[in-house]
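Asks: Let me begin by handing over the structure; questions about it come next.
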Amino acid sequence: MGIVIKYLRELVMSLALVSLLFACYSSVTVEPDASEAQILYAAQVEFNNGNYDSAREYYNVLMQRYGDDASINITTSYELAYIDYKQKRYDEARAQFLNIQSRYENDEQAPEFPLWPLVLTEYMLAQLSE
């Protein structure tokens, strides 16, 4: 019995270490002076390579650093919703797309928003309704 507990303890520790390594591996590093364009480019590269979690991390950094800009905020919101869609998190994606649509209708900053996120949001909502 003692040997089984010893092996189980070692297994749990090994799994914890592997989990920690994978968590560190997926984290992104963004230089403190990185521009909006540099972070956006890194996010798009990760997305195009299918690394959706890393792309999400870059978009979250973009939102934290530059989210006060109305255009960046709405486009980043769209990209995060689209990542949820690509990861088959359809309920989360739908909720975010509906929020984006509502912001175009109700947000006082809406005149500063580019139109493409709204057009794509409406398209994605139609796709999610099928």
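All residue names refer to the structure tokens as shown: chains lettered A, B, ... in order, residues numbered from 1 in each chain, ligands numbered from 1 in order.
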Can you pull out the residues contacting A:Ser35? Cut-off 12 Å, using only C-alpha atoms, and skip same-chain residues under 4 positions away; I want them as a list in words.
Replies: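 My reading of the contact set: Val30, Glu31, Ile39, Leu40, Tyr41, Ala42, Tyr58, Val61, Leu62, Arg65 and Tyr66 of chain A.
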Asks: Filtering to N, CA and C atoms, could you give me those residues as an mmCIF file, in the first residue's frame?
Replies:
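Final file, again-v7.cif:
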data_model
loop_
_atom_site.group_PDB
_atom_site.id
_atom_site.type_symbol
_atom_site.label_atom_id
_atom_site.label_comp_id
_atom_site.auth_asym_id
_atom_site.auth_seq_id
_atom_site.Cartn_x
_atom_site.Cartn_y
_atom_site.Cartn_z
ATOM 1 N N VAL A 30 5.242 40.449 -23.917
ATOM 2 C CA VAL A 30 5.101 41.657 -24.710
ATOM 3 C C VAL A 30 5.971 42.733 -24.068
ATOM 4 N N GLU A 31 6.851 43.280 -24.859
ATOM 5 C CA GLU A 31 7.727 44.338 -24.349
ATOM 6 C C GLU A 31 6.890 45.521 -23.850
ATOM 7 N N ILE A 39 1.758 44.643 -31.233
ATOM 8 C CA ILE A 39 0.965 43.665 -30.482
ATOM 9 C C ILE A 39 -0.102 43.060 -31.391
ATOM 10 N N LEU A 40 -0.746 43.890 -32.190
ATOM 11 C CA LEU A 40 -1.758 43.401 -33.113
ATOM 12 C C LEU A 40 -1.152 42.413 -34.109
ATOM 13 N N TYR A 41 0.012 42.734 -34.629
ATOM 14 C CA TYR A 41 0.683 41.838 -35.575
ATOM 15 C C TYR A 41 0.985 40.482 -34.918
ATOM 16 N N ALA A 42 1.510 40.525 -33.688
ATOM 17 C CA ALA A 42 1.818 39.281 -32.972
ATOM 18 C C ALA A 42 0.549 38.455 -32.752
ATOM 19 N N TYR A 58 -2.396 37.985 -26.490
ATOM 20 C CA TYR A 58 -1.944 39.232 -27.128
ATOM 21 C C TYR A 58 -3.085 40.242 -27.217
ATOM 22 N N VAL A 61 -3.631 41.819 -23.892
ATOM 23 C CA VAL A 61 -2.618 42.846 -23.628
ATOM 24 C C VAL A 61 -2.950 44.109 -24.411
ATOM 25 N N LEU A 62 -3.339 43.937 -25.658
ATOM 26 C CA LEU A 62 -3.712 45.081 -26.490
ATOM 27 C C LEU A 62 -4.855 45.858 -25.849
ATOM 28 N N ARG A 65 -3.593 47.748 -22.675
ATOM 29 C CA ARG A 65 -2.719 48.898 -22.929
ATOM 30 C C ARG A 65 -3.364 49.985 -23.772
ATOM 31 N N TYR A 66 -4.178 49.593 -24.728
ATOM 32 C CA TYR A 66 -4.694 50.559 -25.692
ATOM 33 C C TYR A 66 -6.218 50.555 -25.790
#
Asks: Please identify which residues in chain A DSSP calls alpha helix (DSSP H) from the backbone, and express them as a PyMOL selection string.
Replies: chain A and resi 2-26+36-48+52-66+70-86+90-106+116-129
Asks: For A:Asp53, find every residue with an atom within 12 Å (counting only C-alpha atoms), except residues of its own chain fewer than 4 positions away, and show them as a PyMOL selection string.
Replies: chain A and resi 22-23+25-28+43-44+46-49+57-60+80+83-84+86-87
Asks: Write out, as a PDB file, in the first residue's frame, the residues just selected, with N, CA and C atoms.
Replies:
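Writing done, so here's part17.pdb:
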ATOM      1  N   PHE A  22       3.504  23.633 -19.388  1.00  0.00           N
ATOM      2  CA  PHE A  22       2.627  24.011 -20.488  1.00  0.00           C
ATOM      3  C   PHE A  22       2.032  25.396 -20.265  1.00  0.00           C
ATOM      4  N   ALA A  23       1.714  25.738 -19.045  1.00  0.00           N
ATOM      5  CA  ALA A  23       1.186  27.072 -18.759  1.00  0.00           C
ATOM      6  C   ALA A  23       2.225  28.133 -19.065  1.00  0.00           C
ATOM      7  N   TYR A  25       4.682  27.777 -21.187  1.00  0.00           N
ATOM      8  CA  TYR A  25       4.927  27.734 -22.625  1.00  0.00           C
ATOM      9  C   TYR A  25       3.914  28.579 -23.382  1.00  0.00           C
ATOM     10  N   SER A  26       2.666  28.581 -22.960  1.00  0.00           N
ATOM     11  CA  SER A  26       1.628  29.277 -23.695  1.00  0.00           C
ATOM     12  C   SER A  26       1.577  30.771 -23.395  1.00  0.00           C
ATOM     13  N   SER A  27       2.247  31.208 -22.345  1.00  0.00           N
ATOM     14  CA  SER A  27       2.236  32.623 -22.019  1.00  0.00           C
ATOM     15  C   SER A  27       3.036  33.407 -23.045  1.00  0.00           C
ATOM     16  N   VAL A  28       2.570  34.590 -23.327  1.00  0.00           N
ATOM     17  CA  VAL A  28       3.258  35.456 -24.269  1.00  0.00           C
ATOM     18  C   VAL A  28       3.977  36.555 -23.502  1.00  0.00           C
ATOM     19  N   ALA A  43      -0.545  39.123 -32.407  1.00  0.00           N
ATOM     20  CA  ALA A  43      -1.813  38.419 -32.191  1.00  0.00           C
ATOM     21  C   ALA A  43      -2.292  37.767 -33.485  1.00  0.00           C
ATOM     22  N   GLN A  44      -2.173  38.489 -34.596  1.00  0.00           N
ATOM     23  CA  GLN A  44      -2.634  37.952 -35.872  1.00  0.00           C
ATOM     24  C   GLN A  44      -1.768  36.792 -36.343  1.00  0.00           C
ATOM     25  N   GLU A  46      -0.194  34.665 -34.373  1.00  0.00           N
ATOM     26  CA  GLU A  46      -0.588  33.530 -33.543  1.00  0.00           C
ATOM     27  C   GLU A  46      -1.929  32.966 -34.005  1.00  0.00           C
ATOM     28  N   PHE A  47      -2.871  33.846 -34.296  1.00  0.00           N
ATOM     29  CA  PHE A  47      -4.181  33.389 -34.765  1.00  0.00           C
ATOM     30  C   PHE A  47      -4.036  32.623 -36.076  1.00  0.00           C
ATOM     31  N   ASN A  48      -3.306  33.174 -37.019  1.00  0.00           N
ATOM     32  CA  ASN A  48      -3.133  32.527 -38.326  1.00  0.00           C
ATOM     33  C   ASN A  48      -2.438  31.179 -38.215  1.00  0.00           C
ATOM     34  N   ASN A  49      -1.632  31.001 -37.183  1.00  0.00           N
ATOM     35  CA  ASN A  49      -0.955  29.724 -36.947  1.00  0.00           C
ATOM     36  C   ASN A  49      -1.797  28.761 -36.108  1.00  0.00           C
ATOM     37  N   GLU A  57      -4.188  35.986 -25.622  1.00  0.00           N
ATOM     38  CA  GLU A  57      -3.339  36.691 -24.656  1.00  0.00           C
ATOM     39  C   GLU A  57      -2.833  38.007 -25.233  1.00  0.00           C
ATOM     40  N   TYR A  58      -2.396  37.985 -26.490  1.00  0.00           N
ATOM     41  CA  TYR A  58      -1.944  39.232 -27.128  1.00  0.00           C
ATOM     42  C   TYR A  58      -3.085  40.242 -27.217  1.00  0.00           C
ATOM     43  N   TYR A  59      -4.270  39.774 -27.615  1.00  0.00           N
ATOM     44  CA  TYR A  59      -5.409  40.703 -27.705  1.00  0.00           C
ATOM     45  C   TYR A  59      -5.767  41.260 -26.328  1.00  0.00           C
ATOM     46  N   ASN A  60      -5.646  40.447 -25.283  1.00  0.00           N
ATOM     47  CA  ASN A  60      -5.909  40.954 -23.934  1.00  0.00           C
ATOM     48  C   ASN A  60      -4.903  42.021 -23.534  1.00  0.00           C
ATOM     49  N   LEU A  80     -11.556  38.879 -30.178  1.00  0.00           N
ATOM     50  CA  LEU A  80     -11.722  37.948 -29.062  1.00  0.00           C
ATOM     51  C   LEU A  80     -12.977  37.096 -29.233  1.00  0.00           C
ATOM     52  N   ILE A  83     -12.224  34.470 -31.845  1.00  0.00           N
ATOM     53  CA  ILE A  83     -11.416  33.374 -31.286  1.00  0.00           C
ATOM     54  C   ILE A  83     -12.334  32.378 -30.577  1.00  0.00           C
ATOM     55  N   ASP A  84     -13.289  32.886 -29.800  1.00  0.00           N
ATOM     56  CA  ASP A  84     -14.238  31.978 -29.147  1.00  0.00           C
ATOM     57  C   ASP A  84     -14.984  31.150 -30.190  1.00  0.00           C
ATOM     58  N   LYS A  86     -13.946  30.296 -33.203  1.00  0.00           N
ATOM     59  CA  LYS A  86     -13.015  29.327 -33.783  1.00  0.00           C
ATOM     60  C   LYS A  86     -12.752  28.170 -32.820  1.00  0.00           C
ATOM     61  N   GLN A  87     -12.812  28.433 -31.528  1.00  0.00           N
ATOM     62  CA  GLN A  87     -12.595  27.392 -30.531  1.00  0.00           C
ATOM     63  C   GLN A  87     -13.901  26.675 -30.162  1.00  0.00           C
TER      64      GLN A  87
END
Asks: Taking only C-alpha atoms into account, which of A:Thr29, A:Ser54, A:Asn73, A:Gln101 comes nearest A:Val119?
Replies: A:Gln101
Asks: Using only C-alpha atoms for the distances, tell me which of A:Ser129, A:Thr121, A:Phe113, A:Asn51 is nearest to A:Glu79.
Replies: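 Nearest to A:Glu79: A:Thr121.
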Asks: Interatomic distance between atom CA of A:Asn99 and atom CA of A:Ala34?
Replies: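 So the answer is 28.4 Å.
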Asks: Just to confirm, what's the straight-line distance from atom CA of A:Ala93 to atom CA of A:Pro117 in Å (one decimal)?
Replies: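 Interatomic distance here is 13.6 Å.
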Asks: Calculated over only C-alpha atoms, which of the candidates A:Pro114, A:Leu120, A:Tyr82, A:Ser77 has the smallest distance to A:Ile100?
Replies: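 The shortest atom-to-atom distance to A:Ile100 comes from A:Ser77.
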Asks: One decimal, Å: what's the distance from atom CA of A:Leu115 over to atom CA of A:Thr75, could you say?
Replies: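 Atom CA of A:Thr75 lies at a distance of 9.6 Å from atom CA of A:Leu115.
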